[in-house]
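*Asks:* The structure under discussion is supplied below as structure tokens; questions concerning it will follow.
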Amino acid sequence: MVKRKGASSSEEDWNYEAKVAEIEGIITRIEAGELELEAVFDQFATAVEYLRQCEGFLQQRQQQVDLLIETLSQE
């Protein structure tokens, strides 16, 4: 992964694909029906938080792409 200037170590360690895999794992565990009800709610809350993180990541990258395209259009 490319290190970004000014990025904290937690941002550098964050990985979109890993979060998506974790979300998929949570969904699999919930669908299997092997979790206690409280664990289902906990896992669901975790998945929602991961989805929010992924959405924020994608929005950030879309802004970067838009800026790059705008810069190219000005040249």
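In the structure tokens, chains take the letters A, B, ... in the order shown, each chain's residues start at 1, and ligands count up from 1 in the order shown.
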Could you find all residues in chain A that DSSP calls alpha helix (DSSP H) from the backbone, and write them as a ChimeraX atom specification?
*Replies:* /A:9-13,16-32,37-74
*Asks:* Calculated over only C-alpha atoms, which of the candidates A:Leu72, A:Glu34, A:Gln60, A:Arg29 has the smallest distance to Ala47 of chain A?
*Replies:*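 Using only C-alpha atoms, Ala47 of chain A sits closest to A:Arg29.
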*Asks:* Compile the contact shell of Glu55 of chain A as number ranges by chain: residues with an atom at most 12 Å away, counting only C-alpha atoms, same-chain residues fewer than 6 positions apart removed.
*Replies:* A: 16, 19-20, 48-49, 61-62
*Asks:* The selected residues should be written to file as an mmCIF file, in the first residue's frame (atoms: N, CA, C and O atoms).
*Replies:*
data_model
loop_
_atom_site.group_PDB
_atom_site.id
_atom_site.type_symbol
_atom_site.label_atom_id
_atom_site.label_comp_id
_atom_site.auth_asym_id
_atom_site.auth_seq_id
_atom_site.Cartn_x
_atom_site.Cartn_y
_atom_site.Cartn_z
ATOM 1 N N TYR A 16 -9.668 -1.677 2.582
ATOM 2 C CA TYR A 16 -11.041 -1.804 2.088
ATOM 3 C C TYR A 16 -11.414 -3.269 1.878
ATOM 4 O O TYR A 16 -12.462 -3.726 2.344
ATOM 5 N N LYS A 19 -11.999 -5.164 5.072
ATOM 6 C CA LYS A 19 -13.277 -4.814 5.710
ATOM 7 C C LYS A 19 -14.439 -5.494 4.997
ATOM 8 O O LYS A 19 -15.361 -5.989 5.639
ATOM 9 N N VAL A 20 -14.412 -5.507 3.664
ATOM 10 C CA VAL A 20 -15.468 -6.177 2.908
ATOM 11 C C VAL A 20 -15.487 -7.662 3.257
ATOM 12 O O VAL A 20 -16.562 -8.246 3.458
ATOM 13 N N VAL A 48 -22.484 -2.786 10.180
ATOM 14 C CA VAL A 48 -22.949 -1.444 9.790
ATOM 15 C C VAL A 48 -21.811 -0.436 9.918
ATOM 16 O O VAL A 48 -21.611 0.402 9.027
ATOM 17 N N GLU A 49 -21.047 -0.512 10.982
ATOM 18 C CA GLU A 49 -19.912 0.402 11.155
ATOM 19 C C GLU A 49 -18.877 0.193 10.046
ATOM 20 O O GLU A 49 -18.352 1.159 9.493
ATOM 21 N N ARG A 61 -12.232 8.552 -2.231
ATOM 22 C CA ARG A 61 -11.553 8.209 -3.477
ATOM 23 C C ARG A 61 -12.268 8.816 -4.683
ATOM 24 O O ARG A 61 -11.636 9.246 -5.633
ATOM 25 N N GLN A 62 -13.601 8.884 -4.638
ATOM 26 C CA GLN A 62 -14.351 9.494 -5.732
ATOM 27 C C GLN A 62 -14.014 10.970 -5.843
ATOM 28 O O GLN A 62 -13.851 11.496 -6.948
#
*Asks:* Would you compute the distance between atom CA of Ile30 of chain A and atom CA of Ala18 of chain A? Give it in Å to one decimal.
*Replies:* 18.5 Å
*Asks:* May I ask which of the residues A:Thr71, A:Gln59, A:Asn15, A:Phe41 is the closest one to Ile27 of chain A, counting only C-alpha atoms?
*Replies:* A:Phe41
*Asks:* Between atom CA of Gln53 of chain A and atom CA of Glu38 of chain A, what is the distance in Å, rounded to a tenth?
*Replies:*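 Rounded to one decimal, the two atoms are 23.0 Å apart.
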